Amino acid sequence: MTAHSNIYPTKALQELDAAHHWHPFSDMKSLNAEGSRVITSADGVWLTDSNGNKILDGMAGLWCVQVGHGRSEITEAVTKQMNELAYYNTFFKTTHPPAIALSEKLAKLAPDHINTVFYCSSGSEANDTVFRMVRTYWDKMGKRDKKVIIGRWNGYHGSTLAGTSLGGMKAMHAQGDLPVSGVHHIDQPYWFGEGQDMSPENFGVHVARKLEEAIDQIGEDKVAAFIAEPIQGAGGVIIPPETYWPEVKRILEERDILFVSDEVICGFGRLGEWFGSSYYGVKPDLMPIAKGLTSGYLPMGGVLVSDRVVEGLMLAGDDFNHGYTYSGHPVCAAAALANLEIIERDGLVDRVKTDIGPYLKERWLKLGEHELVGEARMTGLVGALELVPDKKNPTKKFSDVGVPGTLCRDVSFEHGMVMRAVRDSMIISPPLVLSHEEADHLVATAEKTLNDTYRILK
Ligand code: PLP
């Protein structure tokens, strides 16, 4: 049996999937017992499953479908490029028009001091590139001891060796004996989860200074870089207190280390600016990108590299011995260009800042009044609800951490909406094209989901 068409019943598709398909980050035993959800088509912010149900895609796929599903402009650009030049590499002094045009476009969108891009196929590969790039930079600058990269606990930078190591997910470190040597983790700016004994303002400064303390402890002459997501996505949409990034900025300006702003989720309009670091007013030396670059229509990632780092890498006459078969893939580049043109033409970044972002936030924050919710937070079009067992005692966690979140996620799906659960935080990150009506529907469905989850948990 081939499962390409939709003529097979859901159960048959699920059985075939269970027999041969190992899913990412999944408990395969329970997945196989329950059967996967089979998504067969999508349009705008709506998914359709194999039973014909319409589901609101509250996660924009996996934080990536900025322009919504089913945009024919992207399909047409991809088809045209496939017909013209489906593949050629960018090694050995060759290039092609889509890679050239995309690089020019990204240089225009990036902050003024960033004018160069190195391509790969995913966010994880982008961070592997970062790992080698920062160490090579300092080697070429003659500072060969500067090797340590500082990341944060509960940060996420992908699941390759370098990505897992730079990230601070302990469950990931436990598999494969990671992190690799030369990575140091500091605390995250997670006020609700770890800082409620202080005001958010004091906690923001306190936890930012962990960076300064780590640099002092390791020695500035040994620290190569600090990597962070402007807002931690996969860690649970950790929106830092307002005092956090200004204090980190002060520290970065005083210390001779590189700053890597992981823009894989926050880039391309998610926070209402082209890049999350611009939203927070911090100046990155390197920006890993992926996801929203193509709105997920094709896999593509990259690292936006500042002039300072480019100049350093060109010292000593050596190449940067790094690259991928698909670096700058012409069809992916064509998809990215068409996607960025839609984002620009439809003013989606500004829409997040001035229209749909504030509209959804106002309504989303009201869910914070629900009996099951300890905190509701949102910036741009990314938000979270912290589920708590006792609203009057918001530091108290569920005894079976993660179980209520998973339940709430499943209830949401039954009500026709994708919300993701990270521990007991419910996460949304919808497409940037979400209409006001769809935003109302999203909030109403979230409320219904909270009511039902609360009833079941009681
Ligand atoms: N960096 C961040 C901030 C991410 O959120 C992700 C994925 O969610 C990655 C890197 C890894 O990207 P990919 O899954 O494309 O390898």
# chains A, B, ... in the order shown; residues from 1 in each chain; ligands from 1
>>> residues_near_ligand(ligand="ligand 1", cutoff="9 Å", atoms="only C-alpha atoms and all ligand atoms", output="PyMOL selection string")
chain A and resi 62-64+121-127+155-160+163+167+228-235+261-266+288-291+299-301
>>> select_by_dssp(residues="stretch 200-339 of chain A", states="alpha helix (DSSP H)", output="PyMOL selection string")
chain A and resi 200-218+244-254+276-280+307-313+330-339
>>> atom_distance(atom1="atom CA of A:Lys170", atom2="atom CA of A:Gly383")
23.3 Å
>>> residues_around(residues="A:Arg71", least_positions_apart="5", cutoff="10 Å", atoms="only C-alpha atoms", output="list in words")
Asp43, Gly44, Glu76, Tyr297, Ala338, Asn339 and Ile342 of chain A
>>> closest_residue(among="A:Gln66, A:Ser306, A:Val403, A:Arg209", to="A:Gly347", atoms="only C-alpha atoms")
A:Gln66
>>> residues_around(residues="stretch 431-447 of chain A", least_positions_apart="5", cutoff="7 Å", atoms="only C-alpha atoms", output="JSON, numbers by chain")
{"A": [45, 60, 65, 66, 67, 68, 348, 352, 356, 360, 363, 364, 367, 412, 415]}
>>> closest_residue(among="A:Trp46, A:Gly281, A:Leu298, A:Pro240", to="A:Ala334", atoms="only C-alpha atoms")
A:Leu298
>>> select_by_dssp(residues="stretch 155-396 of chain A", states="strand (DSSP E or B)", output="JSON, numbers by chain")
{"A": [183, 184, 185, 186, 223, 224, 225, 226, 227, 228, 232, 238, 258, 259, 260, 261, 286, 287, 288, 289, 301, 302, 303, 304, 305, 306, 373, 374, 375, 376, 377, 378, 379, 382, 383, 384, 385, 386, 387]}
>>> write_last_selection(atoms="N, CA and C atoms", output="mmCIF file, in the first residue's frame")
data_model
loop_
_atom_site.group_PDB
_atom_site.id
_atom_site.type_symbol
_atom_site.label_atom_id
_atom_site.label_comp_id
_atom_site.auth_asym_id
_atom_site.auth_seq_id
_atom_site.Cartn_x
_atom_site.Cartn_y
_atom_site.Cartn_z
ATOM 1 N N VAL A 183 31.461 24.363 26.674
ATOM 2 C CA VAL A 183 30.185 25.090 26.720
ATOM 3 C C VAL A 183 29.808 25.244 28.187
ATOM 4 N N HIS A 184 29.376 26.437 28.561
ATOM 5 C CA HIS A 184 29.018 26.725 29.948
ATOM 6 C C HIS A 184 27.596 27.296 29.960
ATOM 7 N N HIS A 185 26.763 26.826 30.879
ATOM 8 C CA HIS A 185 25.375 27.311 30.922
ATOM 9 C C HIS A 185 25.112 28.184 32.139
ATOM 10 N N ILE A 186 24.354 29.255 31.904
ATOM 11 C CA ILE A 186 23.953 30.128 33.021
ATOM 12 C C ILE A 186 22.427 30.119 33.134
ATOM 13 N N VAL A 223 36.644 33.238 27.068
ATOM 14 C CA VAL A 223 35.250 33.179 26.610
ATOM 15 C C VAL A 223 35.156 33.702 25.171
ATOM 16 N N ALA A 224 34.575 32.871 24.314
ATOM 17 C CA ALA A 224 34.441 33.246 22.904
ATOM 18 C C ALA A 224 33.142 33.974 22.629
ATOM 19 N N ALA A 225 32.040 33.513 23.232
ATOM 20 C CA ALA A 225 30.738 34.056 22.836
ATOM 21 C C ALA A 225 29.666 33.748 23.866
ATOM 22 N N PHE A 226 28.596 34.518 23.766
ATOM 23 C CA PHE A 226 27.358 34.237 24.510
ATOM 24 C C PHE A 226 26.268 34.020 23.476
ATOM 25 N N ILE A 227 25.533 32.918 23.597
ATOM 26 C CA ILE A 227 24.431 32.656 22.668
ATOM 27 C C ILE A 227 23.108 32.650 23.435
ATOM 28 N N ALA A 228 22.095 33.307 22.855
ATOM 29 C CA ALA A 228 20.783 33.347 23.512
ATOM 30 C C ALA A 228 19.698 33.624 22.492
ATOM 31 N N GLN A 232 13.085 32.862 24.725
ATOM 32 C CA GLN A 232 13.245 31.402 24.581
ATOM 33 C C GLN A 232 11.920 30.813 24.115
ATOM 34 N N ILE A 238 9.745 31.984 27.200
ATOM 35 C CA ILE A 238 10.238 32.712 28.376
ATOM 36 C C ILE A 238 10.502 34.154 27.925
ATOM 37 N N LEU A 258 31.858 37.644 21.607
ATOM 38 C CA LEU A 258 30.852 37.774 20.547
ATOM 39 C C LEU A 258 29.471 37.481 21.119
ATOM 40 N N PHE A 259 28.466 38.126 20.542
ATOM 41 C CA PHE A 259 27.096 37.846 20.943
ATOM 42 C C PHE A 259 26.351 37.203 19.774
ATOM 43 N N VAL A 260 25.795 36.029 20.043
ATOM 44 C CA VAL A 260 25.032 35.294 19.030
ATOM 45 C C VAL A 260 23.560 35.356 19.411
ATOM 46 N N SER A 261 22.778 36.048 18.595
ATOM 47 C CA SER A 261 21.335 36.116 18.844
ATOM 48 C C SER A 261 20.659 35.051 17.983
ATOM 49 N N LEU A 286 26.488 37.641 15.400
ATOM 50 C CA LEU A 286 26.040 36.546 14.524
ATOM 51 C C LEU A 286 24.564 36.288 14.794
ATOM 52 N N MET A 287 23.820 35.985 13.726
ATOM 53 C CA MET A 287 22.402 35.654 13.918
ATOM 54 C C MET A 287 22.054 34.387 13.147
ATOM 55 N N PRO A 288 21.943 33.239 13.847
ATOM 56 C CA PRO A 288 21.405 32.054 13.180
ATOM 57 C C PRO A 288 19.935 32.277 12.827
ATOM 58 N N ILE A 289 19.573 31.878 11.606
ATOM 59 C CA ILE A 289 18.184 32.040 11.139
ATOM 60 C C ILE A 289 17.717 30.731 10.494
ATOM 61 N N GLY A 301 18.312 27.349 6.293
ATOM 62 C CA GLY A 301 18.791 28.117 7.436
ATOM 63 C C GLY A 301 20.003 28.921 7.013
ATOM 64 N N GLY A 302 20.525 29.671 7.951
ATOM 65 C CA GLY A 302 21.716 30.456 7.639
ATOM 66 C C GLY A 302 22.249 31.131 8.882
ATOM 67 N N VAL A 303 23.402 31.750 8.715
ATOM 68 C CA VAL A 303 23.949 32.584 9.789
ATOM 69 C C VAL A 303 24.229 33.952 9.191
ATOM 70 N N LEU A 304 23.597 34.970 9.752
ATOM 71 C CA LEU A 304 23.904 36.333 9.340
ATOM 72 C C LEU A 304 25.147 36.764 10.118
ATOM 73 N N VAL A 305 26.151 37.208 9.375
ATOM 74 C CA VAL A 305 27.478 37.429 9.975
ATOM 75 C C VAL A 305 27.845 38.908 9.882
ATOM 76 N N SER A 306 28.241 39.472 11.015
ATOM 77 C CA SER A 306 28.581 40.902 11.045
ATOM 78 C C SER A 306 29.892 41.174 10.303
ATOM 79 N N VAL A 373 -4.849 29.292 35.421
ATOM 80 C CA VAL A 373 -3.698 29.996 34.834
ATOM 81 C C VAL A 373 -3.000 30.882 35.873
ATOM 82 N N GLY A 374 -1.690 30.662 36.039
ATOM 83 C CA GLY A 374 -0.912 31.477 36.978
ATOM 84 C C GLY A 374 -0.376 32.731 36.324
ATOM 85 N N GLU A 375 -0.063 32.636 35.040
ATOM 86 C CA GLU A 375 0.424 33.812 34.306
ATOM 87 C C GLU A 375 0.099 33.642 32.830
ATOM 88 N N ALA A 376 -0.368 34.734 32.208
ATOM 89 C CA ALA A 376 -0.508 34.773 30.746
ATOM 90 C C ALA A 376 0.488 35.805 30.253
ATOM 91 N N ARG A 377 1.255 35.472 29.221
ATOM 92 C CA ARG A 377 2.230 36.439 28.698
ATOM 93 C C ARG A 377 2.251 36.372 27.181
ATOM 94 N N MET A 378 2.596 37.486 26.567
ATOM 95 C CA MET A 378 2.687 37.525 25.101
ATOM 96 C C MET A 378 3.541 38.709 24.664
ATOM 97 N N THR A 379 4.369 38.484 23.659
ATOM 98 C CA THR A 379 5.090 39.570 22.981
ATOM 99 C C THR A 379 4.972 39.291 21.497
ATOM 100 N N VAL A 382 3.785 35.679 19.970
ATOM 101 C CA VAL A 382 4.203 34.458 20.654
ATOM 102 C C VAL A 382 3.798 34.592 22.127
ATOM 103 N N GLY A 383 3.121 33.561 22.637
ATOM 104 C CA GLY A 383 2.589 33.703 23.986
ATOM 105 C C GLY A 383 2.522 32.391 24.734
ATOM 106 N N ALA A 384 2.277 32.517 26.036
ATOM 107 C CA ALA A 384 2.198 31.316 26.889
ATOM 108 C C ALA A 384 1.175 31.535 28.000
ATOM 109 N N LEU A 385 0.622 30.430 28.450
ATOM 110 C CA LEU A 385 -0.218 30.407 29.647
ATOM 111 C C LEU A 385 0.419 29.409 30.605
ATOM 112 N N GLU A 386 0.716 29.843 31.815
ATOM 113 C CA GLU A 386 1.293 28.926 32.803
ATOM 114 C C GLU A 386 0.154 28.276 33.571
ATOM 115 N N LEU A 387 -0.030 26.974 33.428
ATOM 116 C CA LEU A 387 -1.053 26.273 34.198
ATOM 117 C C LEU A 387 -0.524 26.020 35.606
#
